[in-house]
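What follows is one structure encoded as structure tokens, with my remarks underneath.
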Amino acid sequence: MNETVRGIKSKLLFDLNERMALSCICPLKETANRAVPGDGNADAEIMLIGEAPGKSEDLQGVPFVGAAGKFLDEMLTSISLKRDDIFITNIVKYRPPDNRDPLPKEILDCEEWLHEQIGIINPLLIITLGRHSMNHFFPDKLISEAHGKAYRREFPAGRSQTFYTLYHPAAALYNGGMRETLKQDFLRIPKVLDVIQSGGQEGDNS
């Protein structure tokens, strides 16, 4: 890993988080304890994007630290990765009251923050966790049909990004069938990365 690049990206992320914590107009910041910007490797090849912080995340300021986070850690281990290898965040940076789903306006209010994070990290692969995360980038897709598949999306300035869609670990935690599906979908991540790194066309543009 290029430590200079990682250091520059870490500084850019820190500055972004400081700026957005002050300027973000998301109303959730009025009820949350703190912002939960994200955590992990600023130069990661893989960026995971969930939906919103929960109670534990709101208290600690780190995403995915509860039961769903432990399940996620187990799945990372299954493909020989750990938290330090990836970057993980959510589409909204503040906990919704009572852990309800984030509202469209709340997602939109945090969009600049998220998209600037993506631009700084510039991952090879973005993994969406849950339908709200997926639908932010692919609003017409159903997660029951899209999970375990890769898609491509164009960003401004001609930048193309590959996405891989998964069920949210919290939804699968106590649902045996969905849990096994998520674990199997997760095991395909190295193959998806291999295709991207080899210059292949993993994913479609639909």
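Letters A, B, ... go to the chains of the structure tokens in the order shown; residues in each chain start at 1; ligands are counted from 1 in the same order.
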Neighbour list for Gly66 (chain A) as a PDB file with N, CA and C atoms, in the first residue's frame, cut-off 12 Å, only C-alpha atoms, skip fewer than 5 positions in-chain:
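The result, written out as out-v6.pdb:
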```pdb
ATOM      1  N   PRO A  53     -26.857   4.779  11.016  1.00  0.00           N
ATOM      2  CA  PRO A  53     -26.348   4.323  12.316  1.00  0.00           C
ATOM      3  C   PRO A  53     -27.489   3.875  13.226  1.00  0.00           C
ATOM      4  N   GLY A  54     -27.209   2.894  14.084  1.00  0.00           N
ATOM      5  CA  GLY A  54     -28.148   2.477  15.112  1.00  0.00           C
ATOM      6  C   GLY A  54     -27.747   3.037  16.463  1.00  0.00           C
ATOM      7  N   LYS A  55     -28.324   2.484  17.525  1.00  0.00           N
ATOM      8  CA  LYS A  55     -28.077   3.002  18.877  1.00  0.00           C
ATOM      9  C   LYS A  55     -26.603   2.895  19.263  1.00  0.00           C
ATOM     10  N   SER A  56     -26.009   1.720  19.085  1.00  0.00           N
ATOM     11  CA  SER A  56     -24.603   1.532  19.463  1.00  0.00           C
ATOM     12  C   SER A  56     -23.684   2.425  18.646  1.00  0.00           C
ATOM     13  N   GLU A  57     -23.990   2.554  17.352  1.00  0.00           N
ATOM     14  CA  GLU A  57     -23.178   3.391  16.475  1.00  0.00           C
ATOM     15  C   GLU A  57     -23.277   4.856  16.883  1.00  0.00           C
ATOM     16  N   ASP A  58     -24.481   5.282  17.248  1.00  0.00           N
ATOM     17  CA  ASP A  58     -24.701   6.663  17.674  1.00  0.00           C
ATOM     18  C   ASP A  58     -23.924   6.984  18.950  1.00  0.00           C
ATOM     19  N   LEU A  59     -23.783   6.007  19.822  1.00  0.00           N
ATOM     20  CA  LEU A  59     -23.054   6.215  21.079  1.00  0.00           C
ATOM     21  C   LEU A  59     -21.546   6.202  20.867  1.00  0.00           C
ATOM     22  N   GLN A  60     -21.065   5.328  19.956  1.00  0.00           N
ATOM     23  CA  GLN A  60     -19.625   5.164  19.780  1.00  0.00           C
ATOM     24  C   GLN A  60     -19.037   5.958  18.617  1.00  0.00           C
ATOM     25  N   GLY A  61     -19.892   6.388  17.693  1.00  0.00           N
ATOM     26  CA  GLY A  61     -19.411   7.139  16.548  1.00  0.00           C
ATOM     27  C   GLY A  61     -18.755   6.292  15.479  1.00  0.00           C
ATOM     28  N   PHE A  71     -21.677  -9.856  12.866  1.00  0.00           N
ATOM     29  CA  PHE A  71     -21.982 -10.743  11.744  1.00  0.00           C
ATOM     30  C   PHE A  71     -21.191 -10.312  10.505  1.00  0.00           C
ATOM     31  N   LEU A  72     -21.129  -9.005  10.281  1.00  0.00           N
ATOM     32  CA  LEU A  72     -20.355  -8.492   9.154  1.00  0.00           C
ATOM     33  C   LEU A  72     -18.876  -8.861   9.289  1.00  0.00           C
ATOM     34  N   ASP A  73     -18.344  -8.737  10.497  1.00  0.00           N
ATOM     35  CA  ASP A  73     -16.939  -9.100  10.733  1.00  0.00           C
ATOM     36  C   ASP A  73     -16.697 -10.574  10.404  1.00  0.00           C
ATOM     37  N   PRO A 169     -26.948  -6.871   6.797  1.00  0.00           N
ATOM     38  CA  PRO A 169     -26.684  -7.886   7.836  1.00  0.00           C
ATOM     39  C   PRO A 169     -27.716  -7.902   8.948  1.00  0.00           C
ATOM     40  N   ALA A 170     -28.253  -6.741   9.314  1.00  0.00           N
ATOM     41  CA  ALA A 170     -29.253  -6.707  10.393  1.00  0.00           C
ATOM     42  C   ALA A 170     -30.529  -7.430   9.993  1.00  0.00           C
ATOM     43  N   LEU A 173     -29.794 -11.244  10.050  1.00  0.00           N
ATOM     44  CA  LEU A 173     -29.228 -11.793  11.275  1.00  0.00           C
ATOM     45  C   LEU A 173     -30.094 -12.897  11.875  1.00  0.00           C
TER      46      LEU A 173
END
```
Residues of region 101-155 of chain A at most 12 Å from region 177-201 of chain A: nearest atom pair and distance in Å, only C-alpha atoms, as a Markdown table:
```
| residue | atom | partner | partner_atom | distance |
| --- | --- | --- | --- | --- |
| A:Pro123 | CA | A:Leu193 | CA | 10.6 |
| A:Leu124 | CA | A:Ile196 | CA | 7.3 |
| A:Leu125 | CA | A:Leu193 | CA | 7.1 |
| A:Ile126 | CA | A:Leu193 | CA | 10.3 |
| A:Ile127 | CA | A:Ile189 | CA | 9.0 |
| A:Thr128 | CA | A:Phe186 | CA | 11.4 |
| A:Leu129 | CA | A:Leu182 | CA | 10.0 |
| A:Gly130 | CA | A:Leu182 | CA | 10.7 |
| A:Ile143 | CA | A:Leu182 | CA | 11.6 |
| A:Ser144 | CA | A:Met178 | CA | 10.0 |
| A:Ala146 | CA | A:Asp185 | CA | 10.9 |
| A:His147 | CA | A:Asp185 | CA | 7.5 |
| A:Gly148 | CA | A:Asp185 | CA | 4.9 |
| A:Lys149 | CA | A:Asp185 | CA | 8.3 |
| A:Ala150 | CA | A:Val192 | CA | 7.7 |
| A:Tyr151 | CA | A:Gln201 | CA | 9.5 |
| A:Arg152 | CA | A:Gln201 | CA | 9.0 |
```
Expected file contents, prior selection, N, CA and C atoms, as a PDB file, in the first residue's frame:
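part-v6.pdb, written as the output of this step:
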```
ATOM      1  N   PRO A 123     -12.928   3.723  -4.537  1.00  0.00           N
ATOM      2  CA  PRO A 123     -12.759   2.269  -4.413  1.00  0.00           C
ATOM      3  C   PRO A 123     -12.962   1.555  -5.743  1.00  0.00           C
ATOM      4  N   LEU A 124     -12.415   0.368  -5.845  1.00  0.00           N
ATOM      5  CA  LEU A 124     -12.689  -0.461  -7.015  1.00  0.00           C
ATOM      6  C   LEU A 124     -14.127  -0.957  -6.995  1.00  0.00           C
ATOM      7  N   LEU A 125     -14.639  -1.215  -5.792  1.00  0.00           N
ATOM      8  CA  LEU A 125     -15.967  -1.818  -5.655  1.00  0.00           C
ATOM      9  C   LEU A 125     -16.709  -1.186  -4.491  1.00  0.00           C
ATOM     10  N   ILE A 126     -17.950  -0.795  -4.735  1.00  0.00           N
ATOM     11  CA  ILE A 126     -18.839  -0.343  -3.668  1.00  0.00           C
ATOM     12  C   ILE A 126     -19.865  -1.442  -3.419  1.00  0.00           C
ATOM     13  N   ILE A 127     -19.996  -1.851  -2.173  1.00  0.00           N
ATOM     14  CA  ILE A 127     -20.975  -2.864  -1.786  1.00  0.00           C
ATOM     15  C   ILE A 127     -22.097  -2.169  -1.024  1.00  0.00           C
ATOM     16  N   THR A 128     -23.303  -2.263  -1.541  1.00  0.00           N
ATOM     17  CA  THR A 128     -24.454  -1.684  -0.848  1.00  0.00           C
ATOM     18  C   THR A 128     -25.053  -2.736   0.075  1.00  0.00           C
ATOM     19  N   LEU A 129     -25.373  -2.322   1.286  1.00  0.00           N
ATOM     20  CA  LEU A 129     -25.957  -3.213   2.294  1.00  0.00           C
ATOM     21  C   LEU A 129     -27.384  -2.759   2.582  1.00  0.00           C
ATOM     22  N   GLY A 130     -28.346  -3.505   2.086  1.00  0.00           N
ATOM     23  CA  GLY A 130     -29.740  -3.161   2.321  1.00  0.00           C
ATOM     24  C   GLY A 130     -30.368  -2.391   1.172  1.00  0.00           C
ATOM     25  N   ILE A 143     -34.348  -5.419  -4.146  1.00  0.00           N
ATOM     26  CA  ILE A 143     -33.215  -6.147  -3.585  1.00  0.00           C
ATOM     27  C   ILE A 143     -33.421  -7.654  -3.635  1.00  0.00           C
ATOM     28  N   SER A 144     -34.680  -8.084  -3.636  1.00  0.00           N
ATOM     29  CA  SER A 144     -34.941  -9.525  -3.726  1.00  0.00           C
ATOM     30  C   SER A 144     -34.479 -10.096  -5.061  1.00  0.00           C
ATOM     31  N   ALA A 146     -32.014  -8.178  -7.028  1.00  0.00           N
ATOM     32  CA  ALA A 146     -30.695  -7.622  -7.346  1.00  0.00           C
ATOM     33  C   ALA A 146     -29.575  -8.140  -6.454  1.00  0.00           C
ATOM     34  N   HIS A 147     -29.905  -8.721  -5.300  1.00  0.00           N
ATOM     35  CA  HIS A 147     -28.846  -9.135  -4.376  1.00  0.00           C
ATOM     36  C   HIS A 147     -27.898 -10.127  -5.044  1.00  0.00           C
ATOM     37  N   GLY A 148     -26.616  -9.997  -4.718  1.00  0.00           N
ATOM     38  CA  GLY A 148     -25.621 -10.900  -5.270  1.00  0.00           C
ATOM     39  C   GLY A 148     -25.256 -10.618  -6.717  1.00  0.00           C
ATOM     40  N   LYS A 149     -25.628  -9.431  -7.201  1.00  0.00           N
ATOM     41  CA  LYS A 149     -25.309  -9.052  -8.575  1.00  0.00           C
ATOM     42  C   LYS A 149     -24.518  -7.749  -8.594  1.00  0.00           C
ATOM     43  N   ALA A 150     -23.732  -7.585  -9.627  1.00  0.00           N
ATOM     44  CA  ALA A 150     -22.930  -6.379  -9.797  1.00  0.00           C
ATOM     45  C   ALA A 150     -23.538  -5.490 -10.871  1.00  0.00           C
ATOM     46  N   TYR A 151     -23.451  -4.187 -10.653  1.00  0.00           N
ATOM     47  CA  TYR A 151     -23.979  -3.199 -11.585  1.00  0.00           C
ATOM     48  C   TYR A 151     -22.979  -2.066 -11.723  1.00  0.00           C
ATOM     49  N   ARG A 152     -23.088  -1.357 -12.827  1.00  0.00           N
ATOM     50  CA  ARG A 152     -22.231  -0.195 -13.035  1.00  0.00           C
ATOM     51  C   ARG A 152     -23.078   1.064 -13.116  1.00  0.00           C
TER      52      ARG A 152
END
```
Next item on the list: Determine, counting only C-alpha atoms, which protein, DNA and RNA residues have an atom within 7 Å of an atom of Asp85 (chain A); residues of the same chain fewer than 4 positions away are not included. Present the result as a PyMOL selection string.
Entry: chain A and resi 41+44+81
Note to self: Need to verify the contact set: region 109-116 of chain A, 10 Å, only C-alpha atoms, exclusion of same-chain residues closer than 4 positions in sequence. Can you return it as a PyMOL selection string?
What the structure shows: chain A and resi 12-13+16-17+19-21+23-28+37-38+49+89-94+103-105+120-122+136+155
Emit the selected residues as a compact mmCIF listing (two decimals), in the first residue's frame, including C-alpha atoms.
```
# COMPACT_ATOMS: atom_id res chain seq x y z
CA LEU A 12 -9.01 14.64 2.99
CA LEU A 13 -11.61 12.45 4.70
CA LEU A 16 -14.47 16.51 4.79
CA ASN A 17 -16.00 15.06 7.95
CA ARG A 19 -16.67 20.43 7.33
CA MET A 20 -19.80 18.37 6.76
CA ALA A 21 -20.45 17.88 10.49
CA SER A 23 -22.64 22.29 7.32
CA CYS A 24 -24.83 19.18 6.84
CA ILE A 25 -28.48 20.24 7.01
CA CYS A 26 -29.87 16.77 7.78
CA PRO A 27 -32.51 17.20 10.52
CA LEU A 28 -31.39 13.94 12.15
CA PRO A 37 -19.09 9.52 9.19
CA GLY A 38 -17.47 6.14 8.57
CA ILE A 49 -22.37 1.46 2.40
CA THR A 89 -20.16 4.04 6.11
CA ASN A 90 -23.90 4.68 5.70
CA ILE A 91 -26.04 6.73 3.33
CA VAL A 92 -27.09 8.91 6.28
CA LYS A 93 -24.59 9.95 8.92
CA TYR A 94 -26.95 10.34 11.89
CA LEU A 103 -36.47 9.33 4.96
CA PRO A 104 -35.80 10.42 1.36
CA LYS A 105 -35.04 14.00 2.41
CA ILE A 120 -11.82 10.61 -2.14
CA ILE A 121 -11.57 6.87 -1.51
CA ASN A 122 -12.19 5.97 -5.17
CA HIS A 136 -29.96 5.47 -3.50
CA PHE A 155 -20.77 9.46 -11.98
```
Next item on the list: Can you list, as a PyMOL selection string, all residues belonging to chain A that DSSP tags as alpha helix (DSSP H)?
Entry: chain A and resi 3-23+55-60+67-78+104-109+111-121+131-137+143-146+169-172+176-187+189-197
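CA of Ala42 (chain A) to CA of Ser10 (chain A) spans 5.4 Å [interatomic distance, one decimal].
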Those of chain A in DSSP strand (DSSP E), formatted as a CSV table (one decimal) with N, CA and C atoms, in the first residue's frame:
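Result saved to result00.csv:
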```csv
chain,number,residue,atom,x,y,z
A,39,ASP,N,-15.7,4.6,8.9
A,39,ASP,CA,-14.5,4.0,9.5
A,39,ASP,C,-13.8,3.1,8.6
A,40,GLY,N,-12.5,3.0,8.7
A,40,GLY,CA,-11.7,2.1,8.0
A,40,GLY,C,-10.5,2.6,7.2
A,46,ILE,N,-12.4,-1.7,-1.4
A,46,ILE,CA,-13.8,-2.0,-1.2
A,46,ILE,C,-14.4,-1.0,-0.2
A,47,MET,N,-15.5,-0.4,-0.6
A,47,MET,CA,-16.3,0.5,0.3
A,47,MET,C,-17.7,-0.1,0.5
A,48,LEU,N,-18.0,-0.3,1.8
A,48,LEU,CA,-19.4,-0.8,2.1
A,48,LEU,C,-20.2,0.3,2.6
A,49,ILE,N,-21.5,0.4,2.1
A,49,ILE,CA,-22.4,1.5,2.4
A,49,ILE,C,-23.7,0.9,2.9
A,50,GLY,N,-23.9,1.1,4.2
A,50,GLY,CA,-25.2,0.6,4.8
A,50,GLY,C,-26.2,1.7,4.8
A,87,PHE,N,-13.4,0.3,3.8
A,87,PHE,CA,-14.0,1.5,4.4
A,87,PHE,C,-15.5,1.2,4.5
A,88,ILE,N,-16.1,1.6,5.6
A,88,ILE,CA,-17.5,1.3,5.8
A,88,ILE,C,-18.2,2.6,6.3
A,89,THR,N,-19.4,2.9,5.7
A,89,THR,CA,-20.2,4.0,6.1
A,89,THR,C,-21.6,3.8,5.9
A,90,ASN,N,-22.5,4.8,5.9
A,90,ASN,CA,-23.9,4.7,5.7
A,90,ASN,C,-24.4,5.8,4.8
A,125,LEU,N,-14.6,-1.2,-5.8
A,125,LEU,CA,-16.0,-1.8,-5.7
A,125,LEU,C,-16.7,-1.2,-4.5
A,126,ILE,N,-17.9,-0.8,-4.7
A,126,ILE,CA,-18.8,-0.3,-3.7
A,126,ILE,C,-19.9,-1.4,-3.4
A,127,ILE,N,-20.0,-1.9,-2.2
A,127,ILE,CA,-21.0,-2.9,-1.8
A,127,ILE,C,-22.1,-2.2,-1.0
A,128,THR,N,-23.3,-2.3,-1.5
A,128,THR,CA,-24.5,-1.7,-0.8
A,128,THR,C,-25.1,-2.7,0.1
A,129,LEU,N,-25.4,-2.3,1.3
A,129,LEU,CA,-26.0,-3.2,2.3
A,129,LEU,C,-27.4,-2.8,2.6
A,150,ALA,N,-23.7,-7.6,-9.6
A,150,ALA,CA,-22.9,-6.4,-9.8
A,150,ALA,C,-23.5,-5.5,-10.9
A,151,TYR,N,-23.5,-4.2,-10.7
A,151,TYR,CA,-24.0,-3.2,-11.6
A,151,TYR,C,-23.0,-2.1,-11.7
A,152,ARG,N,-23.1,-1.4,-12.8
A,152,ARG,CA,-22.2,-0.2,-13.0
A,152,ARG,C,-23.1,1.1,-13.1
A,153,ARG,N,-22.5,2.2,-12.6
A,153,ARG,CA,-23.2,3.4,-12.7
A,153,ARG,C,-22.2,4.5,-13.0
A,154,GLU,N,-22.6,5.4,-13.9
A,154,GLU,CA,-21.7,6.6,-14.2
A,154,GLU,C,-21.9,7.7,-13.2
A,160,SER,N,-16.8,5.9,-13.9
A,160,SER,CA,-17.7,4.8,-13.8
A,160,SER,C,-17.4,4.0,-12.5
A,161,GLN,N,-18.4,3.5,-11.8
A,161,GLN,CA,-18.2,2.8,-10.6
A,161,GLN,C,-19.0,1.5,-10.6
A,162,THR,N,-18.3,0.4,-10.1
A,162,THR,CA,-19.0,-0.9,-10.0
A,162,THR,C,-19.6,-1.1,-8.6
A,163,PHE,N,-20.8,-1.5,-8.5
A,163,PHE,CA,-21.5,-1.8,-7.3
A,163,PHE,C,-21.9,-3.3,-7.2
A,164,TYR,N,-21.9,-3.7,-6.0
A,164,TYR,CA,-22.4,-5.1,-5.7
A,164,TYR,C,-23.4,-5.0,-4.6
A,165,THR,N,-24.6,-5.6,-4.8
A,165,THR,CA,-25.7,-5.4,-3.9
A,165,THR,C,-25.9,-6.6,-3.0
A,166,LEU,N,-26.1,-6.3,-1.7
A,166,LEU,CA,-26.3,-7.4,-0.7
A,166,LEU,C,-27.4,-7.0,0.2
```
Check: Mind pulling up the distance from CA of Ala52 (chain A) to CA of Ala35 (chain A)?
Finding: 10.6 Å
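Between CA of Ile118 (chain A) and CA of Lys70 (chain A) the interatomic distance comes to 24.2 Å.
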